[in-house]
Every structure is written in C-alpha cells, then in structure tokens.
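So this block is query_19.tsv, TSV, C-alpha atoms:
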```tsv
chain	number	residue	atom	x	y	z
A	116	MET	CA	1.77	16.36	-1.55
A	117	GLY	CA	0.05	13.00	-1.31
A	118	THR	CA	1.50	9.53	-1.77
A	119	ASP	CA	0.05	6.96	-4.18
A	120	ILE	CA	0.70	3.27	-4.72
A	121	HIS	CA	1.35	1.43	-8.02
A	122	LEU	CA	0.87	-2.32	-8.19
A	123	ALA	CA	1.42	-5.48	-10.19
A	124	ALA	CA	0.70	-9.10	-9.29
A	125	GLU	CA	2.64	-12.26	-10.08
A	126	ILE	CA	1.85	-15.96	-9.80
A	127	TYR	CA	4.33	-18.82	-9.43
A	128	LYS	CA	3.96	-21.74	-11.81
A	129	ASP	CA	6.25	-24.15	-13.62
A	130	GLY	CA	9.17	-23.03	-11.47
A	131	LEU	CA	8.96	-19.34	-12.44
A	132	TRP	CA	7.07	-16.19	-11.52
A	133	HIS	CA	4.69	-14.83	-14.17
A	134	LEU	CA	2.85	-11.54	-14.46
A	135	ALA	CA	-0.80	-11.99	-13.54
A	136	ASN	CA	-3.62	-10.46	-15.53
A	137	VAL	CA	-5.74	-9.02	-12.71
A	138	ASP	CA	-7.31	-5.66	-11.89
A	139	LEU	CA	-5.91	-4.41	-8.59
A	140	PRO	CA	-7.40	-1.67	-6.42
A	141	ASP	CA	-4.87	1.14	-6.05
A	142	TYR	CA	-6.54	3.98	-4.18
A	143	ARG	CA	-4.82	6.13	-1.55
A	144	ASN	CA	-4.99	4.46	1.88
A	145	TYR	CA	-2.13	5.48	4.15
A	146	ARG	CA	-2.81	2.92	6.88
A	147	ALA	CA	-2.59	0.17	4.23
A	148	PHE	CA	0.64	1.70	2.89
A	149	ALA	CA	2.00	1.52	6.45
A	150	ILE	CA	1.09	-2.18	6.67
A	151	LEU	CA	2.65	-2.97	3.29
A	152	ALA	CA	5.96	-1.15	3.66
A	153	ASP	CA	6.04	1.39	6.54
A	154	ILE	CA	4.97	4.25	4.23
A	155	ARG	CA	3.11	7.19	5.90
A	156	ASN	CA	3.05	5.14	9.09
A	157	GLY	CA	1.21	7.24	11.68
A	158	TYR	CA	1.37	10.51	9.78
A	159	THR	CA	-0.14	12.25	6.78
A	160	PHE	CA	0.92	15.18	4.62
A	161	ALA	CA	3.65	17.37	6.15
A	162	GLY	CA	4.15	14.92	9.00
A	163	MET	CA	0.75	15.55	10.59
A	164	ASP	CA	-0.11	12.92	13.24
A	165	SER	CA	-2.78	10.40	12.20
A	166	GLY	CA	-2.39	7.92	15.04
A	167	ASP	CA	-0.07	5.26	16.36
A	168	PRO	CA	2.23	3.57	13.84
A	169	VAL	CA	1.59	-0.08	12.97
A	170	ILE	CA	4.08	-2.90	12.55
A	171	PRO	CA	4.56	-3.31	8.78
A	172	ILE	CA	4.70	-6.65	7.01
A	173	SER	CA	8.19	-5.54	6.01
A	174	TYR	CA	10.20	-2.45	5.28
A	175	PRO	CA	10.75	-1.82	1.56
A	176	ARG	CA	12.44	-4.94	0.14
A	177	GLY	CA	13.19	-3.66	-3.34
A	178	PHE	CA	12.20	-5.66	-6.38
A	179	PRO	CA	12.46	-9.43	-6.02
A	180	GLU	CA	15.55	-10.90	-7.66
A	181	ASP	CA	13.37	-13.46	-9.45
A	182	ILE	CA	10.89	-10.92	-10.84
A	183	SER	CA	8.95	-12.30	-13.80
A	184	GLU	CA	10.32	-11.73	-17.29
A	185	GLU	CA	6.96	-10.30	-18.37
A	186	LEU	CA	7.04	-7.62	-15.67
A	187	ARG	CA	10.76	-7.01	-16.19
A	188	GLU	CA	10.12	-6.22	-19.85
A	189	MET	CA	7.09	-4.02	-19.18
A	190	LEU	CA	8.52	-1.85	-16.40
A	191	TYR	CA	8.66	1.83	-17.19
A	192	LYS	CA	11.69	3.64	-15.82
A	193	GLU	CA	12.21	7.39	-15.77
A	194	ASP	CA	15.77	7.10	-14.52
A	195	GLU	CA	16.76	3.51	-13.87
A	196	ASP	CA	20.01	4.49	-12.12
A	197	GLU	CA	18.01	6.13	-9.35
A	198	TRP	CA	15.44	3.45	-8.61
A	199	LEU	CA	16.73	0.01	-9.58
A	200	ASP	CA	18.42	-1.89	-6.80
A	201	ASP	CA	22.19	-1.84	-7.15
A	202	ASP	CA	22.35	-5.64	-7.18
A	203	MET	CA	19.85	-6.02	-10.05
A	204	GLU	CA	20.69	-5.96	-13.74
A	205	ASP	CA	19.04	-3.27	-15.83
A	206	PHE	CA	15.64	-4.33	-17.09
A	207	PRO	CA	15.48	-4.58	-20.88
A	208	LEU	CA	13.03	-2.03	-22.25
A	209	ASP	CA	11.59	-2.30	-25.75
A	210	ASP	CA	10.94	1.26	-26.97
A	211	GLU	CA	8.12	-0.03	-29.16
A	212	GLU	CA	6.27	-1.73	-26.30
A	213	PRO	CA	2.88	0.02	-26.20
A	214	GLU	CA	1.85	-1.08	-22.71
A	215	LEU	CA	4.25	-0.29	-19.88
A	216	ILE	CA	3.81	-0.63	-16.14
A	217	TRP	CA	4.95	2.15	-13.84
A	218	LEU	CA	5.52	1.18	-10.22
A	219	GLY	CA	6.26	4.64	-8.88
A	220	ASP	CA	9.62	6.12	-8.03
A	221	HIS	CA	10.47	5.02	-4.47
A	222	SER	CA	10.06	2.41	-1.72
A	223	PHE	CA	9.73	-0.59	-4.04
A	224	SER	CA	8.72	-3.80	-2.34
A	225	TRP	CA	6.71	-7.00	-2.56
A	226	VAL	CA	4.57	-9.18	-0.31
A	227	THR	CA	2.95	-12.56	-0.80
A	228	LEU	CA	-0.77	-13.09	-0.57
A	229	GLU	CA	0.01	-15.39	2.36
A	230	GLU	CA	1.62	-12.48	4.23
A	231	LEU	CA	-1.42	-10.29	3.57
A	232	ILE	CA	-3.81	-12.98	4.80
A	233	ASN	CA	-1.75	-13.64	7.94
A	234	TYR	CA	-1.58	-9.98	8.96
A	235	ASP	CA	-3.81	-9.30	11.98
A	236	LEU	CA	-6.33	-6.77	10.66
A	237	ASP	CA	-8.48	-7.22	13.76
A	238	ALA	CA	-5.82	-5.70	16.02
A	239	PRO	CA	-6.86	-2.34	17.47
A	240	VAL	CA	-5.13	0.80	16.29
A	241	THR	CA	-5.21	4.22	17.93
A	242	LEU	CA	-6.23	6.96	15.50
A	243	ARG	CA	-5.95	10.72	15.94
A	244	GLY	CA	-7.15	13.75	14.06
A	245	LYS	CA	-9.51	16.68	14.02
A	246	VAL	CA	-13.21	15.97	13.68
A	247	SER	CA	-16.36	18.05	13.51
A	248	PRO	CA	-18.14	18.84	16.79
A	249	GLU	CA	-20.99	16.55	15.68
A	250	ALA	CA	-18.62	13.64	15.05
A	251	ALA	CA	-16.96	14.14	18.43
A	252	ARG	CA	-20.38	14.11	20.10
A	253	ARG	CA	-21.42	10.90	18.29
A	254	TRP	CA	-18.19	9.20	19.40
A	255	LYS	CA	-18.64	10.31	23.01
A	256	GLU	CA	-22.31	9.29	23.16
A	257	ASN	CA	-22.38	5.98	21.29
A	258	ARG	CA	-18.83	5.23	20.06
A	259	GLU	CA	-19.71	5.92	16.44
A	260	PRO	CA	-16.36	6.46	14.67
A	261	PRO	CA	-15.96	9.66	12.65
A	262	ASN	CA	-16.38	9.49	8.88
A	263	THR	CA	-14.36	12.62	8.15
A	264	VAL	CA	-11.03	13.18	9.85
A	265	VAL	CA	-8.42	15.79	8.99
A	266	ALA	CA	-4.95	16.41	10.32
A	267	PHE	CA	-5.27	20.19	10.06
A	268	ILE	CA	-8.19	22.58	9.63
A	269	SER	CA	-8.47	26.31	10.20
A	270	ASN	CA	-12.00	25.99	11.61
A	271	PRO	CA	-11.61	26.49	15.39
A	272	ASP	CA	-14.78	24.49	16.10
A	273	TRP	CA	-13.26	21.20	15.00
A	274	VAL	CA	-12.04	19.01	17.87
A	275	SER	CA	-8.80	17.05	18.29
A	276	MET	CA	-9.78	13.49	19.10
A	277	GLU	CA	-8.21	10.07	19.70
A	278	TRP	CA	-10.07	6.76	19.33
A	279	GLN	CA	-9.41	3.07	18.72
A	280	ARG	CA	-10.85	0.86	16.01
A	281	PRO	CA	-9.92	-2.47	14.39
A	282	LEU	CA	-7.10	-1.94	11.92
A	283	ARG	CA	-9.15	-3.29	9.00
A	284	GLU	CA	-11.49	-0.28	9.24
A	285	SER	CA	-8.70	2.19	8.44
A	286	ALA	CA	-6.88	-0.10	5.99
A	287	PRO	CA	-9.62	-1.33	3.61
A	288	LEU	CA	-7.17	-1.51	0.72
A	289	ILE	CA	-5.56	-4.60	2.31
A	290	THR	CA	-8.89	-6.47	2.34
A	291	ASN	CA	-9.59	-5.35	-1.24
A	292	LEU	CA	-6.17	-6.59	-2.38
A	293	ILE	CA	-6.67	-9.96	-0.69
A	294	GLU	CA	-10.03	-10.32	-2.47
A	295	ALA	CA	-8.47	-9.42	-5.84
A	296	LEU	CA	-5.47	-11.76	-5.44
A	297	HIS	CA	-7.21	-14.75	-3.84
A	298	PRO	CA	-8.59	-16.28	-7.08
A	299	LEU	CA	-5.09	-16.41	-8.62
A	300	GLY	CA	-3.81	-19.41	-6.68
A	301	GLU	CA	-2.25	-20.68	-3.48
A	302	PRO	CA	-1.37	-17.77	-1.14
A	303	HIS	CA	2.35	-18.59	-1.08
A	304	GLU	CA	2.39	-18.66	-4.91
A	305	VAL	CA	0.84	-15.21	-5.42
A	306	ARG	CA	2.63	-11.96	-4.73
A	307	LEU	CA	2.12	-8.26	-5.05
A	308	ILE	CA	4.94	-6.02	-6.35
A	309	PHE	CA	4.55	-2.32	-5.74
A	310	GLY	CA	6.10	1.09	-5.34
A	311	PHE	CA	5.02	4.59	-4.41
A	312	ASP	CA	5.20	8.13	-5.71
A	313	ASN	CA	4.58	11.55	-4.14
```

How does the structure come out when it is put into structure tokens?
Amino acid sequence: MGTDIHLAAEIYKDGLWHLANVDLPDYRNYRAFAILADIRNGYTFAGMDSGDPVIPISYPRGFPEDISEELREMLYKEDEDEWLDDDMEDFPLDDEEPELIWLGDHSFSWVTLEELINYDLDAPVTLRGKVSPEAARRWKENREPPNTVVAFISNPDWVSMEWQRPLRESAPLITNLIEALHPLGEPHEVRLIFGFDN
C-alpha cells in the first residue's frame, strides 16, 4: 500500500495564523516525505530499500498549537480521538460546512517555508533499486541516471544498482512546494501543515 500526503498552507498576519488560499502540489514523492517528516525514509512499499535515509527537517510535530481558526473549523476528522494530539482541544466541526480539509490519518506535522528553503537539496543522496539492463548500461557508460527504478521485479534481467544524485532530483515535490508557497509572504511567516495516509 502506498503513502500519500495531504496539505494546507497558512500565513501569519495581524498576530495570527490564517489559512492561505493556494493550490499545493500533493503527488507521491517518498524522498520528499522523508525530508518533511521522516516518512518512507530510505524504503518503499513493504520495507523495500530505496537508498540511504536523509536527515528530515523534523520528525512529526503534530498540529501546531496556534493553528488558524479557519483550518481548525474546516478539518475533517474520521475519529478525532485517534489523531488529534492529546494536548489539543477538539476542533469544532460544523456538520453543514460543505468544504472540509482532510489531512490524512497519521504523522501530522508542519514546516515553515523558511525551513524548506534552508534545506540543502544539493546534498548528494545514495539511491538503490532495480533498473533495466539498458538503464544500467547508460549509467555505467555516461552516468545517465535511470528514469525507471523499482524495488522489486520478477524479471531476472533487471539489475540491482546503486548511484548518487543531488537530493533535489529525487525530491522534486520540495521544490514545487517552495514555488507554490513563495508568493504568499516572508518565509518565516508561511507554513505548510500536512499529514499522511496509507
């Protein structure tokens, strides 16, 4: 079973956090999930090795205590006793609210835009997986990284391979999030709130 991310953005103004109206990219990118909150860090489905783990910005922090009232009121909860932090009050939920935000069901956290910008995406990361014989040949001959990598395949011709590339190449979601959040304001006054589901 795969893991997906669910996101919301907030901006700080007039002494309070407010829900931001912004479209955020939310595609599956395990290396980015590892950077954000140590999720799928160095492994894929069923614990299959995908390379060396990275140092995350943080481990899951839970929801911020000063979460915006707009987001608090729009959060969808399947079973709030299971996923709200023990130290937080229950979020009010208006049953007639037509637009709700679901942030997944585990590993809730948040990061500021400043933390995303300051993360070293140019650092090398060691990747591992099975690649086609052609991809292995292209890497050996001219260091062309493979486009298709799998953790497991029944085809005996595919080759187990290890290679290094800049982290940004395997975590494009981070760059896409920075681009989406940057117009909202000063990096320390913009944050991303997120969770995951499997």

Per-residue nearest contacts segment 206-276 of chain A to segment 281-298 of chain A, cut-off 8 Å, using all atoms listed in the file, as JSON lines:
```
{"residue": "A:Leu228", "atom": "CA", "partner": "A:Ile293", "partner_atom": "CA", "distance": 6.7}
{"residue": "A:Leu231", "atom": "CA", "partner": "A:Ile293", "partner_atom": "CA", "distance": 6.8}
{"residue": "A:Ile232", "atom": "CA", "partner": "A:Ile293", "partner_atom": "CA", "distance": 6.9}
{"residue": "A:Leu236", "atom": "CA", "partner": "A:Arg283", "partner_atom": "CA", "distance": 4.8}
{"residue": "A:Asp237", "atom": "CA", "partner": "A:Pro281", "partner_atom": "CA", "distance": 5.0}
{"residue": "A:Ala238", "atom": "CA", "partner": "A:Pro281", "partner_atom": "CA", "distance": 5.5}
{"residue": "A:Pro239", "atom": "CA", "partner": "A:Pro281", "partner_atom": "CA", "distance": 4.3}
{"residue": "A:Val240", "atom": "CA", "partner": "A:Leu282", "partner_atom": "CA", "distance": 5.5}
```

For a quick check of your reading of the model, name the residues lying within 9 Å of the coordinate (6.5, 7.3, -4.7), counting only C-alpha atoms, and write them as a PyMOL selection string. chain A and resi 118-121+218-223+310-313

Take atom CA of Ala250 of chain A and atom CA of Ile170 of chain A and report the distance between them in Å, one decimal.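 Taking atom CA of Ala250 of chain A and atom CA of Ile170 of chain A, their separation equals 28.2 Å.
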
Leu134 of chain A environment, 7 Å, only C-alpha atoms, sequence neighbours closer than 4 positions dropped, as a PDB file with C-alpha atoms, keeping the file's coordinate frame:
```
ATOM      1  CA  ALA A 124       0.700  -9.100  -9.290  1.00  0.00           C
ATOM      2  CA  GLU A 125       2.640 -12.260 -10.080  1.00  0.00           C
ATOM      3  CA  ILE A 126       1.850 -15.960  -9.800  1.00  0.00           C
ATOM      4  CA  SER A 183       8.950 -12.300 -13.800  1.00  0.00           C
ATOM      5  CA  GLU A 185       6.960 -10.300 -18.370  1.00  0.00           C
ATOM      6  CA  LEU A 186       7.040  -7.620 -15.670  1.00  0.00           C
TER       7      LEU A 186
END
```

Ranking A:Leu122, A:Val265, A:Ala147, A:Val274 by minimum distance to Ser224 of chain A and counting only C-alpha atoms, which one comes first?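 Once distances to Ser224 of chain A are computed over only C-alpha atoms, the minimum belongs to A:Leu122.
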
Report the distance between atom CA of Glu256 of chain A and atom CA of Thr159 of chain A in Å, rounded to one decimal place.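 Atom CA of Thr159 of chain A lies at a distance of 27.7 Å from atom CA of Glu256 of chain A.
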
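Distances here use only C-alpha atoms; by that measure, the residue among A:Ala123, A:Ile154, A:Trp278, A:Asp181 closest to Asp141 of chain A is A:Ala123.
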
Distance in Å - atom CA of Tyr142 of chain A versus atom CA of Gly300 of chain A: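 That distance, rounded to one decimal, is 23.7 Å.
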
I need segment 248-276 of chain A from the structure I supplied, saved as a tab-separated table (two decimals), in the first residue's frame with N, CA, C and O atoms retained.
```tsv
chain	number	residue	atom	x	y	z
A	248	PRO	N	18.36	-3.46	-17.86
A	248	PRO	CA	19.75	-3.60	-18.33
A	248	PRO	C	20.21	-2.38	-19.13
A	248	PRO	O	21.36	-1.95	-19.00
A	249	GLU	N	19.31	-1.77	-19.91
A	249	GLU	CA	19.67	-0.59	-20.69
A	249	GLU	C	20.00	0.59	-19.79
A	249	GLU	O	20.95	1.34	-20.03
A	250	ALA	N	19.21	0.77	-18.73
A	250	ALA	CA	19.45	1.88	-17.80
A	250	ALA	C	20.78	1.67	-17.06
A	250	ALA	O	21.53	2.62	-16.85
A	251	ALA	N	21.06	0.44	-16.68
A	251	ALA	CA	22.33	0.15	-16.01
A	251	ALA	C	23.51	0.45	-16.94
A	251	ALA	O	24.53	1.00	-16.51
A	252	ARG	N	23.36	0.10	-18.21
A	252	ARG	CA	24.42	0.37	-19.19
A	252	ARG	C	24.63	1.88	-19.36
A	252	ARG	O	25.77	2.37	-19.36
A	253	ARG	N	23.53	2.64	-19.47
A	253	ARG	CA	23.64	4.09	-19.64
A	253	ARG	C	24.31	4.74	-18.43
A	253	ARG	O	25.10	5.68	-18.57
A	254	TRP	N	24.03	4.24	-17.23
A	254	TRP	CA	24.68	4.77	-16.03
A	254	TRP	C	26.17	4.46	-16.05
A	254	TRP	O	27.00	5.32	-15.77
A	255	LYS	N	26.51	3.24	-16.40
A	255	LYS	CA	27.92	2.82	-16.41
A	255	LYS	C	28.72	3.60	-17.46
A	255	LYS	O	29.85	4.01	-17.21
A	256	GLU	N	28.11	3.81	-18.63
A	256	GLU	CA	28.84	4.44	-19.73
A	256	GLU	C	28.93	5.96	-19.62
A	256	GLU	O	29.98	6.55	-19.91
A	257	ASN	N	27.85	6.62	-19.24
A	257	ASN	CA	27.89	8.09	-19.22
A	257	ASN	C	27.21	8.74	-18.02
A	257	ASN	O	26.89	9.91	-18.05
A	258	ARG	N	26.98	7.94	-16.96
A	258	ARG	CA	26.40	8.46	-15.71
A	258	ARG	C	25.02	9.06	-15.89
A	258	ARG	O	24.61	9.97	-15.16
A	259	GLU	N	24.27	8.54	-16.84
A	259	GLU	CA	22.89	8.97	-17.03
A	259	GLU	C	22.02	8.24	-16.01
A	259	GLU	O	21.96	7.01	-16.01
A	260	PRO	N	21.37	8.98	-15.08
A	260	PRO	CA	20.58	8.31	-14.04
A	260	PRO	C	19.36	7.60	-14.64
A	260	PRO	O	18.81	8.05	-15.65
A	261	PRO	N	18.95	6.51	-14.02
A	261	PRO	CA	17.79	5.77	-14.54
A	261	PRO	C	16.50	6.56	-14.35
A	261	PRO	O	16.32	7.26	-13.36
A	262	ASN	N	15.59	6.43	-15.33
A	262	ASN	CA	14.28	7.06	-15.23
A	262	ASN	C	13.29	6.18	-14.49
A	262	ASN	O	12.40	6.67	-13.81
A	263	THR	N	13.42	4.87	-14.65
A	263	THR	CA	12.51	3.93	-14.02
A	263	THR	C	13.29	3.04	-13.07
A	263	THR	O	14.24	2.37	-13.47
A	264	VAL	N	12.88	3.08	-11.81
A	264	VAL	CA	13.53	2.29	-10.77
A	264	VAL	C	12.43	1.58	-9.99
A	264	VAL	O	11.41	2.18	-9.66
A	265	VAL	N	12.63	0.32	-9.68
A	265	VAL	CA	11.68	-0.42	-8.88
A	265	VAL	C	12.42	-1.09	-7.74
A	265	VAL	O	13.62	-1.34	-7.81
A	266	ALA	N	11.70	-1.35	-6.66
A	266	ALA	CA	12.30	-2.04	-5.53
A	266	ALA	C	12.28	-3.55	-5.73
A	266	ALA	O	13.15	-4.27	-5.26
A	267	PHE	N	11.26	-4.03	-6.46
A	267	PHE	CA	11.15	-5.46	-6.71
A	267	PHE	C	10.56	-5.68	-8.09
A	267	PHE	O	9.65	-4.96	-8.51
A	268	ILE	N	11.09	-6.67	-8.80
A	268	ILE	CA	10.54	-7.05	-10.10
A	268	ILE	C	10.89	-8.52	-10.33
A	268	ILE	O	11.96	-8.99	-9.94
A	269	SER	N	9.97	-9.24	-10.93
A	269	SER	CA	10.19	-10.67	-11.15
A	269	SER	C	11.07	-10.92	-12.38
A	269	SER	O	11.57	-12.03	-12.56
A	270	ASN	N	11.29	-9.93	-13.21
A	270	ASN	CA	12.13	-10.08	-14.39
A	270	ASN	C	13.58	-10.26	-13.97
A	270	ASN	O	14.19	-9.35	-13.40
A	271	PRO	N	14.19	-11.41	-14.25
A	271	PRO	CA	15.56	-11.67	-13.80
A	271	PRO	C	16.61	-10.84	-14.53
A	271	PRO	O	17.76	-10.77	-14.10
A	272	ASP	N	16.23	-10.18	-15.63
A	272	ASP	CA	17.19	-9.37	-16.38
A	272	ASP	C	17.47	-8.02	-15.74
A	272	ASP	O	18.48	-7.39	-16.04
A	273	TRP	N	16.55	-7.56	-14.90
A	273	TRP	CA	16.75	-6.26	-14.27
A	273	TRP	C	17.90	-6.35	-13.27
A	273	TRP	O	18.12	-7.38	-12.65
A	274	VAL	N	18.62	-5.24	-13.09
A	274	VAL	CA	19.87	-5.22	-12.35
A	274	VAL	C	19.72	-4.39	-11.08
A	274	VAL	O	19.14	-3.30	-11.10
A	275	SER	N	20.25	-4.90	-9.96
A	275	SER	CA	20.32	-4.10	-8.74
A	275	SER	C	21.44	-3.09	-8.90
A	275	SER	O	22.56	-3.44	-9.30
A	276	MET	N	21.15	-1.84	-8.59
A	276	MET	CA	22.13	-0.78	-8.83
A	276	MET	C	22.09	0.24	-7.70
A	276	MET	O	21.06	0.44	-7.07
```
